[in-house]
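K.L.:
Sharing protein-v3.txt, compact mmCIF, C-alpha atoms:
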```
# COMPACT_ATOMS: atom_id res chain seq x y z
CA MET C 210 -89.58 16.31 44.47
CA LYS C 211 -88.49 13.32 42.37
CA HIS C 212 -84.90 14.51 42.19
CA GLN C 213 -84.67 15.54 45.83
CA THR C 214 -85.97 12.17 47.05
CA ARG C 215 -83.36 10.28 45.04
CA LEU C 216 -80.63 12.74 45.96
CA THR C 217 -81.24 12.31 49.68
CA ALA C 218 -80.98 8.54 49.32
CA VAL C 219 -77.70 8.89 47.44
CA LEU C 220 -76.23 11.25 50.01
CA LEU C 221 -77.23 9.08 52.96
CA ILE C 222 -75.19 6.28 51.42
CA THR C 223 -72.27 8.40 50.29
CA THR C 224 -72.15 10.25 53.58
CA PHE C 225 -71.63 6.89 55.29
CA LEU C 226 -68.97 5.88 52.78
CA ILE C 227 -67.18 9.17 52.20
CA GLY C 228 -68.64 11.65 54.65
CA ILE C 229 -66.19 10.82 57.41
CA VAL C 230 -63.10 10.60 55.27
CA ILE C 231 -64.60 12.22 52.18
CA THR C 232 -62.92 9.83 49.78
CA GLY C 233 -62.31 6.12 49.66
CA PHE C 234 -59.32 4.17 50.88
CA THR C 235 -57.22 2.12 48.58
CA SER C 236 -53.59 3.10 48.44
CA ILE C 237 -51.08 2.85 51.25
CA PRO C 238 -49.80 6.29 52.30
CA LYS C 239 -46.25 7.06 51.23
CA ALA C 240 -43.61 6.51 53.89
CA SER C 241 -42.36 10.02 53.18
CA ALA C 242 -45.77 11.61 53.71
CA LYS C 243 -45.99 14.39 56.27
CA GLU C 244 -47.35 13.25 59.60
CA SER C 245 -48.69 16.60 60.64
CA VAL C 246 -51.51 18.65 59.18
CA SER C 247 -50.61 22.24 58.35
CA LEU C 248 -51.58 24.71 55.66
CA SER C 249 -50.02 24.05 52.28
CA ASN C 250 -47.37 26.60 51.35
CA THR C 251 -48.41 26.64 47.70
CA THR C 252 -52.22 26.82 47.79
CA ASN C 253 -54.14 30.08 47.88
CA PHE C 254 -56.79 29.39 50.52
CA ASP C 255 -58.50 32.66 49.57
CA ASP C 256 -59.57 30.94 46.33
CA PRO C 257 -61.99 27.99 46.77
CA ILE C 258 -61.23 26.60 43.30
CA ALA C 259 -57.50 26.59 44.14
CA VAL C 260 -58.38 24.60 47.27
CA ILE C 261 -60.32 22.06 45.19
CA LYS C 262 -57.42 21.80 42.74
CA GLY C 263 -55.03 21.28 45.65
CA MET C 264 -57.20 18.44 46.94
CA ILE C 265 -57.12 16.79 43.50
CA GLN C 266 -53.33 17.16 43.28
CA ALA C 267 -53.02 15.46 46.68
CA ILE C 268 -54.91 12.48 45.22
CA ASN C 269 -52.40 12.32 42.35
CA ASP C 270 -49.54 12.55 44.84
CA GLN C 271 -51.27 9.86 46.96
CA ASP C 272 -50.54 12.04 49.98
CA PRO C 273 -53.29 11.78 52.62
CA TYR C 274 -51.71 14.36 54.91
CA GLU C 275 -51.61 17.00 52.20
CA TYR C 276 -55.14 15.95 51.23
CA MET C 277 -56.36 16.69 54.76
CA ASN C 278 -55.13 20.27 54.52
CA TYR C 279 -58.00 21.14 52.21
CA PHE C 280 -60.79 20.03 54.57
CA THR C 281 -62.46 21.46 57.65
CA ASN C 282 -61.26 20.64 61.16
CA SER C 283 -63.98 18.05 61.80
CA ASN C 284 -63.11 16.19 58.60
CA ARG C 285 -59.38 16.33 59.34
CA THR C 286 -59.97 14.92 62.82
CA ALA C 287 -61.88 11.96 61.38
CA MET C 288 -59.25 11.33 58.70
CA THR C 289 -56.39 11.51 61.20
CA GLN C 290 -58.20 9.07 63.46
CA PHE C 291 -58.67 6.66 60.57
CA LEU C 292 -54.97 6.77 59.68
CA SER C 293 -53.87 6.26 63.28
CA THR C 294 -56.19 3.31 63.93
CA ASN C 295 -55.96 1.65 60.49
CA LYS C 296 -52.24 1.76 59.73
CA SER C 297 -52.41 -1.37 57.59
CA GLU C 298 -55.34 0.01 55.60
CA SER C 299 -54.97 2.12 52.50
CA PHE C 300 -56.47 5.56 52.02
CA PHE C 301 -57.37 6.46 48.44
CA LYS C 302 -59.62 4.54 46.08
CA GLU C 303 -58.61 6.98 43.37
CA LYS C 304 -55.22 6.36 41.74
CA GLU C 305 -55.34 9.43 39.50
CA ALA C 306 -57.64 12.43 39.19
CA LYS C 307 -58.00 15.22 36.64
CA LEU C 308 -60.35 18.19 36.95
CA ILE C 309 -62.11 18.63 33.61
CA GLN C 310 -64.69 21.34 34.37
CA ILE C 311 -65.97 23.13 37.44
CA LYS C 312 -68.68 25.72 38.02
CA GLU C 313 -70.21 27.42 41.01
CA LEU C 314 -73.89 26.63 41.52
CA PRO C 315 -76.50 29.26 42.40
CA LYS C 316 -76.97 29.18 46.17
CA GLU C 317 -80.54 27.83 46.07
CA VAL C 318 -79.57 25.05 43.62
CA GLY C 319 -76.38 24.22 45.51
CA VAL C 320 -78.22 23.82 48.82
CA VAL C 321 -80.53 21.22 47.24
CA ALA C 322 -77.79 19.50 45.22
CA ALA C 323 -75.60 19.11 48.31
CA ASP C 324 -78.58 18.35 50.58
CA ILE C 325 -77.55 21.06 53.04
CA SER C 326 -79.99 21.10 55.96
CA PRO C 327 -80.65 23.94 58.44
CA GLY C 328 -79.40 21.73 61.27
CA GLU C 329 -75.88 21.59 59.85
CA ASN C 330 -74.98 24.98 61.29
CA LEU C 331 -73.35 26.16 58.06
CA ASN C 332 -73.22 29.90 57.52
CA LEU C 333 -74.57 30.06 53.97
CA ASP C 334 -73.12 33.56 53.52
CA ASP C 335 -69.67 31.97 53.92
CA THR C 336 -70.48 28.76 52.02
CA ARG C 337 -70.16 28.09 48.29
CA VAL C 338 -71.17 25.01 46.31
CA PHE C 339 -69.35 23.83 43.19
CA TYR C 340 -70.25 21.22 40.58
CA ALA C 341 -67.22 19.40 39.21
CA GLU C 342 -66.52 17.03 36.33
CA ILE C 343 -63.52 14.91 37.36
CA ASN C 344 -61.80 12.09 35.51
CA PHE C 345 -60.72 9.30 37.86
CA LYS C 346 -58.55 6.24 37.39
CA VAL C 347 -59.35 3.48 39.89
CA ASP C 348 -58.41 -0.16 40.43
CA LYS C 349 -61.88 -1.22 41.55
CA GLU C 350 -65.07 0.39 40.26
CA ASP C 351 -68.26 0.70 42.28
CA LYS C 352 -71.56 2.55 42.00
CA TRP C 353 -70.14 5.86 43.23
CA LEU C 354 -66.70 5.71 41.63
CA TYR C 355 -65.68 4.36 38.25
CA ASN C 356 -62.97 4.85 35.64
CA GLY C 357 -63.58 7.90 33.50
CA THR C 358 -65.64 11.00 34.16
CA ASN C 359 -67.35 11.25 37.55
CA TYR C 360 -69.49 14.09 38.92
CA ARG C 361 -69.20 15.62 42.36
CA VAL C 362 -70.76 18.45 44.33
CA ILE C 363 -68.14 20.11 46.53
CA VAL C 364 -69.16 22.35 49.42
CA VAL C 365 -66.58 24.82 50.71
CA THR C 366 -66.92 27.08 53.72
CA LYS C 367 -64.83 29.68 55.51
CA GLU C 368 -62.91 28.35 58.52
CA ASP C 369 -60.44 30.60 60.35
CA GLY C 370 -60.47 32.90 57.33
CA ASN C 371 -59.59 30.14 54.84
CA TRP C 372 -61.79 28.29 52.37
CA LYS C 373 -62.00 24.60 53.30
CA ILE C 374 -63.95 21.65 51.90
CA VAL C 375 -66.74 20.55 54.21
CA ARG C 376 -68.38 17.99 51.91
CA LEU C 377 -67.75 16.12 48.69
CA SER C 378 -70.71 14.06 47.47
CA VAL C 379 -72.42 12.47 44.48
CA PRO C 380 -75.34 14.63 43.29
CA SER C 381 -78.41 13.93 41.20
CA ILE C 382 -76.98 14.84 37.81
CA GLU C 383 -80.44 14.87 36.26
CA TYR C 384 -81.54 17.50 38.80
CA LEU C 385 -78.62 19.74 37.89
CA LYS C 386 -79.29 19.35 34.17
CA ASP C 387 -83.02 20.00 34.62
CA THR C 388 -82.29 23.24 36.49
CA GLY C 389 -80.00 24.41 33.69
CA ASN C 390 -76.82 23.89 35.70
CA GLY C 391 -75.33 20.91 33.89
CA PHE C 392 -72.22 20.89 31.71
CA ASN C 393 -74.14 19.49 28.71
CA SER C 394 -71.18 17.29 27.87
CA LYS C 395 -71.26 13.86 26.24
CA ASP C 396 -69.92 12.25 29.42
CA GLU C 397 -72.55 13.96 31.55
CA ASN C 398 -75.28 12.46 29.37
CA ILE C 399 -73.70 9.03 29.88
CA ALA C 400 -73.63 9.67 33.64
CA VAL C 401 -77.35 10.51 33.60
CA LYS C 402 -77.99 7.15 31.92
CA ILE C 403 -75.89 5.41 34.58
CA GLU C 404 -77.87 7.22 37.28
CA SER C 405 -81.21 6.34 35.69
CA THR C 406 -80.30 2.67 35.21
CA LEU C 407 -79.27 2.39 38.86
CA GLU C 408 -82.52 3.99 39.99
CA ARG C 409 -84.86 2.00 37.72
CA LYS C 410 -83.17 -1.40 37.55
CA GLY C 411 -80.69 -1.51 40.41
CA GLN C 412 -77.91 -2.18 37.89
CA VAL C 413 -74.57 -0.46 38.43
CA MET C 414 -72.97 0.54 35.12
CA ASN C 415 -69.61 2.09 34.35
CA MET C 416 -68.78 4.66 31.66
CA LYS C 417 -68.36 1.90 29.06
CA GLY C 418 -71.90 0.65 29.66
CA VAL C 419 -70.72 -2.53 31.38
CA VAL C 420 -72.85 -3.71 34.31
CA ILE C 421 -70.40 -4.08 37.20
CA ASP C 422 -72.91 -4.88 39.94
CA ASN C 423 -76.60 -5.54 40.49
CA ILE C 424 -78.13 -4.25 43.71
CA ALA C 425 -81.77 -4.80 42.75
CA ALA C 426 -83.88 -6.57 45.34
CA THR C 427 -84.41 -10.27 44.66
CA GLU C 428 -87.90 -11.77 44.41
CA GLU C 429 -87.39 -13.31 47.84
CA GLN C 430 -86.46 -9.94 49.35
CA LEU C 431 -89.49 -8.31 47.74
CA LYS C 432 -91.74 -11.01 49.22
CA ASP C 433 -90.23 -10.42 52.67
CA GLU C 434 -91.10 -6.72 52.42
CA LYS C 435 -94.79 -7.46 51.80
```
Could the structure of this file be written out as structure tokens, please?

P.N.:
Amino acid sequence: MKHQTRLTAVLLITTFLIGIVITGFTSIPKASAKESVSLSNTTNFDDPIAVIKGMIQAINDQDPYEYMNYFTNSNRTAMTQFLSTNKSESFFKEKEAKLIQIKELPKEVGVVAADISPGENLNLDDTRVFYAEINFKVDKEDKWLYNGTNYRVIVVTKEDGNWKIVRLSVPSIEYLKDTGNGFNSKDENIAVKIESTLERKGQVMNMKGVVIDNIAATEEQLKDEK
């Protein structure tokens, strides 16, 4: 239960930050970007990994409209609304992205890792969960996104016969390693240390071991809670 408790807390925060638009916002959409959302002509939507790769390519192209193509209708509606009401805002936090490794998780592990609840009305027979190791380049690092290798759980589901991304979130990496579903890479071990330091000390570290933020409660805040 240790992992699941922490995971739920992480997802509650990341759902607020990236659940509506899935990713962050930091680069102004290109003037030449398409202003309509239609299926990409080059992506095979019968292949969920091809869909994930298409999403990553859209980040590299800094094209929010192409990016939307890879998500479910409800996500696309929220993203379109953001773009229409925040025209002076930027869209991507990520400047560059490279998929390093990806694997499909066993259904029972994926449901826990992605915190899929019965109330979400997802048909699990038409839902697949992937664990991805992605290298990001960003201008501003935070506790969920930093330069170097990041880890994401990506949930894809069938919509109108096509695989679409319904959720992209930050998992408990320790949980995935403990269940034998980790990548066992050097960077993943560093990410576990980052995760553990955040949980135990409230210190936000990046891949270089530099503390970039401290979200631990102050003594005054702890007194107020008593």

K.L.:
Just to confirm, what's the straight-line distance from atom CA of Ala341 of chain C to atom CA of Arg361 of chain C in Å (one decimal)?

P.N.:
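Going from atom CA of Ala341 of chain C over to atom CA of Arg361 of chain C covers 5.3 Å.
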
K.L.:
Taking (-48.6, 14.3, 38.5) in the file's own coordinates, collect the residues within 10 Å, counting only C-alpha atoms, and hand them back as a PyMOL selection string.

P.N.:
chain C and resi 266-271+305-307

K.L.:
Closest to Ser405 of chain C among C:Ser381, C:Asn253, C:Thr336, C:Gln290, using only C-alpha atoms?

P.N.:
C:Ser381

K.L.:
For Ile382 of chain C, which of C:Ala323, C:Thr366, C:Gly328, C:Val338 is the closest residue, counting all atoms listed in the file?

P.N.:
C:Ala323

K.L.:
At a cut-off of 12 Å, can you tabulate as a tab-separated table every residue of segment 280-353 of chain C near segment 255-258 of chain C together with its closest atom pair and the distance in Å to one decimal, using only C-alpha atoms and ordering rows by chain then number?

P.N.:
```
residue	atom	partner	partner_atom	distance
C:Phe280	CA	C:Pro257	CA	11.2
C:Leu308	CA	C:Ile258	CA	10.6
C:Gln310	CA	C:Ile258	CA	10.9
C:Ile311	CA	C:Ile258	CA	8.3
C:Lys312	CA	C:Ile258	CA	9.2
C:Glu313	CA	C:Ile258	CA	9.3
C:Asp335	CA	C:Pro257	CA	11.2
C:Thr336	CA	C:Pro257	CA	10.0
C:Arg337	CA	C:Pro257	CA	8.3
C:Val338	CA	C:Pro257	CA	9.7
C:Phe339	CA	C:Ile258	CA	8.6
C:Tyr340	CA	C:Ile258	CA	10.8
C:Ala341	CA	C:Ile258	CA	10.2
```

K.L.:
For Ile309 of chain C, which residue out of C:Glu397, C:Asp387, C:Asp422, C:Glu342 is the nearest one, using all atoms listed in the file?

P.N.:
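For Ile309 of chain C, the nearest of the given residues is C:Glu342.
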